[in-house]
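**Q** Contents of my_file-v7.cif (mmCIF, C-alpha atoms) are given next:
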data_coords
loop_
_atom_site.label_atom_id
_atom_site.label_comp_id
_atom_site.auth_asym_id
_atom_site.auth_seq_id
_atom_site.Cartn_x
_atom_site.Cartn_y
_atom_site.Cartn_z
CA MET A 1 94.58 110.49 95.73
CA SER A 2 95.12 108.05 98.58
CA ILE A 3 95.99 104.46 97.67
CA LEU A 4 96.51 103.20 101.23
CA GLU A 5 94.76 104.14 104.47
CA ILE A 6 95.71 102.43 107.72
CA THR A 7 93.64 103.34 110.77
CA GLN A 8 94.46 102.45 114.40
CA LEU A 9 96.00 99.14 113.36
CA ALA A 10 97.08 96.64 116.00
CA LYS A 11 98.50 93.13 115.73
CA SER A 12 99.14 90.67 118.55
CA PHE A 13 100.23 87.04 118.61
CA ARG A 14 99.64 84.35 121.20
CA SER A 15 102.78 82.70 122.57
CA GLY A 16 101.78 80.08 125.09
CA ALA A 17 99.96 81.90 127.87
CA GLU A 18 101.33 85.26 126.74
CA THR A 19 100.00 87.76 124.23
CA LEU A 20 102.74 89.55 122.31
CA CYS A 21 101.82 92.94 120.91
CA ILE A 22 103.79 93.60 117.70
CA LEU A 23 102.02 96.69 116.35
CA GLU A 24 99.75 99.11 118.18
CA ASP A 25 97.74 102.16 117.13
CA VAL A 26 99.34 102.45 113.68
CA SER A 27 97.76 105.02 111.38
CA LEU A 28 99.16 106.28 108.09
CA SER A 29 98.11 107.27 104.61
CA LEU A 30 99.97 107.03 101.29
CA GLU A 31 99.18 108.74 98.01
CA VAL A 32 99.33 107.03 94.62
CA ALA A 33 102.88 106.68 93.21
CA THR A 34 104.55 107.39 96.56
CA VAL A 35 107.86 105.70 97.36
CA ALA A 36 107.95 104.95 101.10
CA VAL A 37 110.96 103.54 102.95
CA VAL A 38 110.38 101.76 106.27
CA THR A 39 113.19 101.07 108.75
CA GLY A 40 113.31 99.44 112.17
CA GLU A 41 115.19 96.91 114.25
CA SER A 42 114.84 93.19 113.61
CA GLY A 43 111.59 91.97 115.15
CA SER A 44 110.07 95.45 115.27
CA GLY A 45 107.13 94.50 113.06
CA LYS A 46 108.24 95.61 109.58
CA SER A 47 107.45 92.30 107.87
CA THR A 48 104.25 92.00 109.90
CA LEU A 49 103.09 95.37 108.57
CA LEU A 50 103.72 94.31 104.96
CA ASN A 51 101.96 90.97 105.51
CA LEU A 52 98.91 92.81 106.85
CA ILE A 53 98.82 95.17 103.87
CA ALA A 54 99.18 92.19 101.51
CA GLY A 55 96.32 90.32 103.15
CA LEU A 56 98.66 87.47 104.15
CA ASP A 57 97.72 88.08 107.79
CA PHE A 58 94.93 89.95 109.53
CA PRO A 59 94.98 92.68 112.18
CA SER A 60 93.83 92.15 115.73
CA SER A 61 92.04 95.49 115.45
CA GLY A 62 91.94 98.52 113.20
CA GLU A 63 91.53 98.68 109.46
CA ILE A 64 93.51 98.68 106.24
CA GLN A 65 91.95 100.13 103.11
CA CYS A 66 94.01 99.61 99.99
CA ALA A 67 93.03 100.56 96.44
CA GLY A 68 89.45 100.99 97.61
CA ARG A 69 89.29 97.60 99.31
CA ARG A 70 88.82 96.96 103.04
CA VAL A 71 91.38 94.18 103.22
CA SER A 72 90.15 92.31 106.31
CA HIS A 73 86.60 92.24 104.90
CA LEU A 74 87.54 90.48 101.66
CA SER A 75 86.38 86.93 100.96
CA GLU A 76 88.96 84.26 100.11
CA LYS A 77 88.21 84.69 96.41
CA GLU A 78 88.49 88.47 96.69
CA LEU A 79 91.76 88.13 98.62
CA THR A 80 93.23 85.95 95.90
CA ASP A 81 92.30 88.56 93.30
CA TYR A 82 93.64 91.35 95.53
CA ARG A 83 97.02 89.65 96.00
CA SER A 84 97.23 88.87 92.30
CA ARG A 85 96.19 92.21 90.82
CA VAL A 86 96.68 94.92 93.46
CA ILE A 87 99.82 93.79 95.30
CA GLY A 88 103.25 92.95 93.91
CA LEU A 89 105.54 91.22 96.42
CA VAL A 90 109.32 91.09 96.51
CA PHE A 91 110.89 89.11 99.34
CA GLN A 92 114.41 88.75 100.70
CA PHE A 93 114.59 85.36 98.94
CA HIS A 94 113.63 85.28 95.27
CA TYR A 95 111.37 82.17 95.37
CA LEU A 96 111.91 81.47 91.67
CA LEU A 97 110.83 78.03 90.46
CA LYS A 98 114.00 76.16 89.59
CA GLU A 99 112.46 74.19 86.73
CA PHE A 100 111.34 77.35 84.90
CA THR A 101 113.43 79.87 82.98
CA ALA A 102 113.60 83.53 83.99
CA GLU A 103 111.01 84.35 81.32
CA GLU A 104 108.67 81.59 82.47
CA ASN A 105 109.00 82.63 86.13
CA VAL A 106 108.06 86.21 85.28
CA MET A 107 105.13 85.32 83.02
CA LEU A 108 103.64 82.69 85.37
CA PRO A 109 101.54 85.02 87.61
CA SER A 110 100.10 86.73 84.54
CA TYR A 111 99.31 83.43 82.84
CA MET A 112 97.67 82.13 86.03
CA ALA A 113 95.55 85.30 86.19
CA GLY A 114 94.04 84.36 82.83
CA VAL A 115 96.21 86.37 80.46
CA ALA A 116 96.81 84.69 77.11
CA LYS A 117 100.19 82.96 76.97
CA ARG A 118 101.44 85.12 74.11
CA ASP A 119 100.52 88.33 75.95
CA ALA A 120 102.00 87.04 79.23
CA ARG A 121 105.27 86.27 77.44
CA GLY A 122 105.33 89.73 75.89
CA LYS A 123 104.89 91.36 79.30
CA ALA A 124 107.63 89.16 80.75
CA ILE A 125 110.12 90.10 78.04
CA ARG A 126 109.34 93.80 78.43
CA LEU A 127 109.93 93.65 82.18
CA LEU A 128 113.08 91.57 81.85
CA THR A 129 114.32 94.25 79.48
CA ASP A 130 113.43 96.88 82.10
CA VAL A 131 115.57 95.10 84.72
CA GLY A 132 118.45 94.61 82.28
CA LEU A 133 118.05 90.86 81.78
CA ALA A 134 116.56 90.45 78.31
CA ASP A 135 119.60 88.42 77.29
CA ARG A 136 119.10 86.08 80.27
CA ALA A 137 115.41 85.34 79.65
CA GLY A 138 116.10 81.71 78.66
CA HIS A 139 118.33 80.95 81.63
CA PHE A 140 117.26 78.91 84.66
CA PRO A 141 117.67 80.27 88.20
CA HIS A 142 120.81 78.21 88.89
CA GLU A 143 122.42 79.84 85.85
CA LEU A 144 121.85 83.34 87.25
CA SER A 145 123.74 85.26 89.92
CA GLY A 146 122.04 86.21 93.18
CA GLY A 147 121.51 89.77 91.99
CA GLU A 148 120.09 88.59 88.68
CA ARG A 149 117.66 86.23 90.42
CA GLN A 150 116.43 89.09 92.58
CA ARG A 151 115.93 91.31 89.53
CA VAL A 152 113.85 88.53 87.97
CA ALA A 153 111.78 88.54 91.17
CA VAL A 154 111.24 92.29 90.78
CA ALA A 155 110.05 91.79 87.20
CA ARG A 156 107.70 89.02 88.35
CA ALA A 157 106.21 91.32 91.02
CA LEU A 158 105.31 93.86 88.32
CA VAL A 159 103.94 91.53 85.65
CA ASN A 160 100.28 91.85 86.71
CA ASP A 161 100.57 95.66 86.82
CA PRO A 162 99.93 95.93 90.60
CA GLU A 163 99.04 99.22 92.23
CA ILE A 164 101.39 98.70 95.18
CA ILE A 165 104.78 96.99 95.35
CA LEU A 166 105.72 95.63 98.79
CA ALA A 167 109.44 94.89 99.07
CA ASP A 168 110.55 93.15 102.26
CA GLU A 169 114.34 93.45 102.67
CA PRO A 170 114.80 92.68 98.94
CA THR A 171 118.58 93.07 99.11
CA GLY A 172 119.13 91.33 102.44
CA ASN A 173 120.96 88.38 100.86
CA LEU A 174 123.05 90.39 98.38
CA ASP A 175 126.46 92.02 98.46
CA GLU A 176 126.72 95.81 98.31
CA ARG A 177 127.18 96.06 94.53
CA ASN A 178 124.21 93.84 93.70
CA SER A 179 122.15 95.51 96.42
CA ARG A 180 122.58 98.89 94.74
CA VAL A 181 121.61 97.45 91.34
CA VAL A 182 118.41 95.87 92.71
CA GLU A 183 117.52 99.01 94.70
CA ASP A 184 118.00 101.21 91.63
CA VAL A 185 115.80 98.88 89.58
CA LEU A 186 113.02 98.97 92.19
CA PHE A 187 113.04 102.73 92.56
CA SER A 188 113.31 103.45 88.84
CA LEU A 189 110.53 101.04 87.83
CA ALA A 190 108.20 102.28 90.58
CA ARG A 191 108.64 105.80 89.26
CA LYS A 192 108.52 104.78 85.58
CA TYR A 193 105.20 102.97 85.97
CA GLY A 194 103.70 105.24 88.65
CA LYS A 195 103.56 102.54 91.33
CA THR A 196 103.35 103.00 95.06
CA LEU A 197 106.38 101.29 96.59
CA ILE A 198 106.79 100.37 100.24
CA LEU A 199 110.35 99.21 100.84
CA VAL A 200 111.44 97.69 104.14
CA THR A 201 115.17 97.89 104.79
CA HIS A 202 117.95 97.96 107.38
CA ASP A 203 120.04 100.18 105.10
CA PRO A 204 120.04 103.78 106.40
CA GLU A 205 121.36 105.03 103.04
CA LEU A 206 118.03 104.18 101.42
CA THR A 207 115.93 106.41 103.66
CA ASN A 208 116.83 109.50 101.62
CA LYS A 209 115.63 107.85 98.40
CA GLY A 210 112.00 107.71 99.49
CA ASP A 211 109.30 110.36 99.19
CA ARG A 212 108.17 109.35 102.68
CA ARG A 213 110.29 107.81 105.44
CA PHE A 214 108.95 105.79 108.36
CA HIS A 215 110.53 104.06 111.34
CA ILE A 216 108.95 101.29 113.43
CA ALA A 217 109.82 101.36 117.12
CA ARG A 218 107.97 100.64 120.35
CA ARG A 219 105.18 98.92 118.41
CA THR A 220 104.20 101.93 116.34
CA VAL A 221 105.14 103.68 113.10
CA GLU A 222 106.63 107.15 113.20
CA GLU A 223 107.27 109.34 110.17
CA LEU A 224 110.80 110.74 109.98
#
Mind converting the file's structure to structure tokens?
**A**
Amino acid sequence: MSILEITQLAKSFRSGAETLCILEDVSLSLEVATVAVVTGESGSGKSTLLNLIAGLDFPSSGEIQCAGRRVSHLSEKELTDYRSRVIGLVFQFHYLLKEFTAEENVMLPSYMAGVAKRDARGKAIRLLTDVGLADRAGHFPHELSGGERQRVAVARALVNDPEIILADEPTGNLDERNSRVVEDVLFSLARKYGKTLILVTHDPELTNKGDRRFHIARRTVEEL
């Protein structure tokens, strides 16, 4: 069953008097629980594509249908619910709140979505255990290593049980050892919980770990 359908997608930006075309005539489909790896040069439109899928930006033309929702047709309230419940985001920077512990950072999206505090905490502890950080649950971000902070961010992205995980260069700020740990966590949890994962990376070694492999060049997406 298809979880994501992108049809003739295009995205342009205005820059002064110029119009810059970033993506053009992009069409693709992903099945539920697919792990997709997306590569491309810097500035090729990888992050733009993820932002469009997440509803953080809107296409100039074309359509994105995700988990049965036509993303660009959603109201603001529907978009908020979509980003909270359908999409899990992992960025290059962890964006953890420094005044909250690892546990509190992970449980916060669930608590804000209306889940009882006790249940939100239980989900957070389970996911921190999944990423190998149960013993660090009470630590603040400044007490964690870069790799540990990024694993907390992965746990946070999964706490609302999203249907799709969008990971935008999640290891871009990490050394090779920590990069491999975070990558392994992402892949293993996506498969464990049956999530669709779209991972953007510059690392050519990761392309062979995906079920589907895509490359963005010349404003369009080609399957490898």
**Q** When you look at stretch 33-50 of chain A with a cut-off of 8 Å (counting all atoms listed in the file), what residues show up, excluding the ones that are within fewer than 2 positions of it in the same chain? I need them as a PyMOL selection string.
**A** chain A and resi 22-23+30-31+52-54+57+166+168+187+190-191+194-204+206-207+209-219
**Q** Find, counting all atoms listed in the file, the residue in A:Ala116, A:Leu189, A:Leu96, A:Ala157 that gets nearest to A:Leu144.
**A** A:Leu96
**Q** Taking only C-alpha atoms into account, which of A:Arg156, A:Leu56, A:Leu4, A:Cys21 comes nearest A:Glu76?
**A**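 Looking at the shortest contact to A:Glu76, the residue is A:Leu56.
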**Q** Nearest residue to A:Ala137 out of A:Ala124, A:Ala67, A:Ala167, A:Ala102, using only C-alpha atoms?
**A**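 When distances to A:Ala137 are compared using only C-alpha atoms, the smallest one comes from A:Ala102.
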**Q** Please determine, counting all atoms listed in the file, which residue among A:Gly16, A:Gly88, A:Pro141, A:Gly122 has the shortest atom-to-atom distance to A:Leu186.
**A**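 Result for the nearest residue to A:Leu186: A:Gly88.
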**Q** Between atom CA of A:Val115 and atom CA of A:Glu103, what is the distance, to one decimal in Å?
**A** 15.0 Å
**Q** Quick one: apply the PyMOL selection byres ((chain A and resi 92-95) around 6) to the file and drop the selected residues here as an NGL selection string.
**A** :A and (91 or 96 or 150 or 153 or 169-170 or 172)
**Q** To one decimal place, how far is atom CA of A:Val32 from atom CA of A:Ala155 in Å?
**A**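 About the pair atom CA of A:Val32 and atom CA of A:Ala155: they are 20.1 Å apart.
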**Q** One decimal, Å: what's the distance from atom CA of A:Phe140 over to atom CA of A:Tyr82, could you say?
**A**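 Going from atom CA of A:Phe140 over to atom CA of A:Tyr82, I get 28.8 Å.
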**Q** Measuring atom to atom with only C-alpha atoms, identify which of A:Thr129, A:His142, A:Ser84, A:Pro59 is nearest to A:Phe13.
**A**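 Closest to A:Phe13 of all the choices is A:Pro59.
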**Q** Residues proximal to (95.9, 94.1, 87.2) were defined as those with any atom within 12 Å of that point in the file's coordinates, counting all atoms listed in the file. Which are they, as an MDAnalysis selection string?
**A** chainID A and resid 67 81:88 109:110 113:115 157:164
**Q** Smallest atom-to-atom distance to A:Ser179: which of A:Glu148, A:Leu127, A:Gly138, A:Ile165, using all atoms listed in the file?
**A**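 Among the listed residues, A:Glu148 lies closest to A:Ser179.
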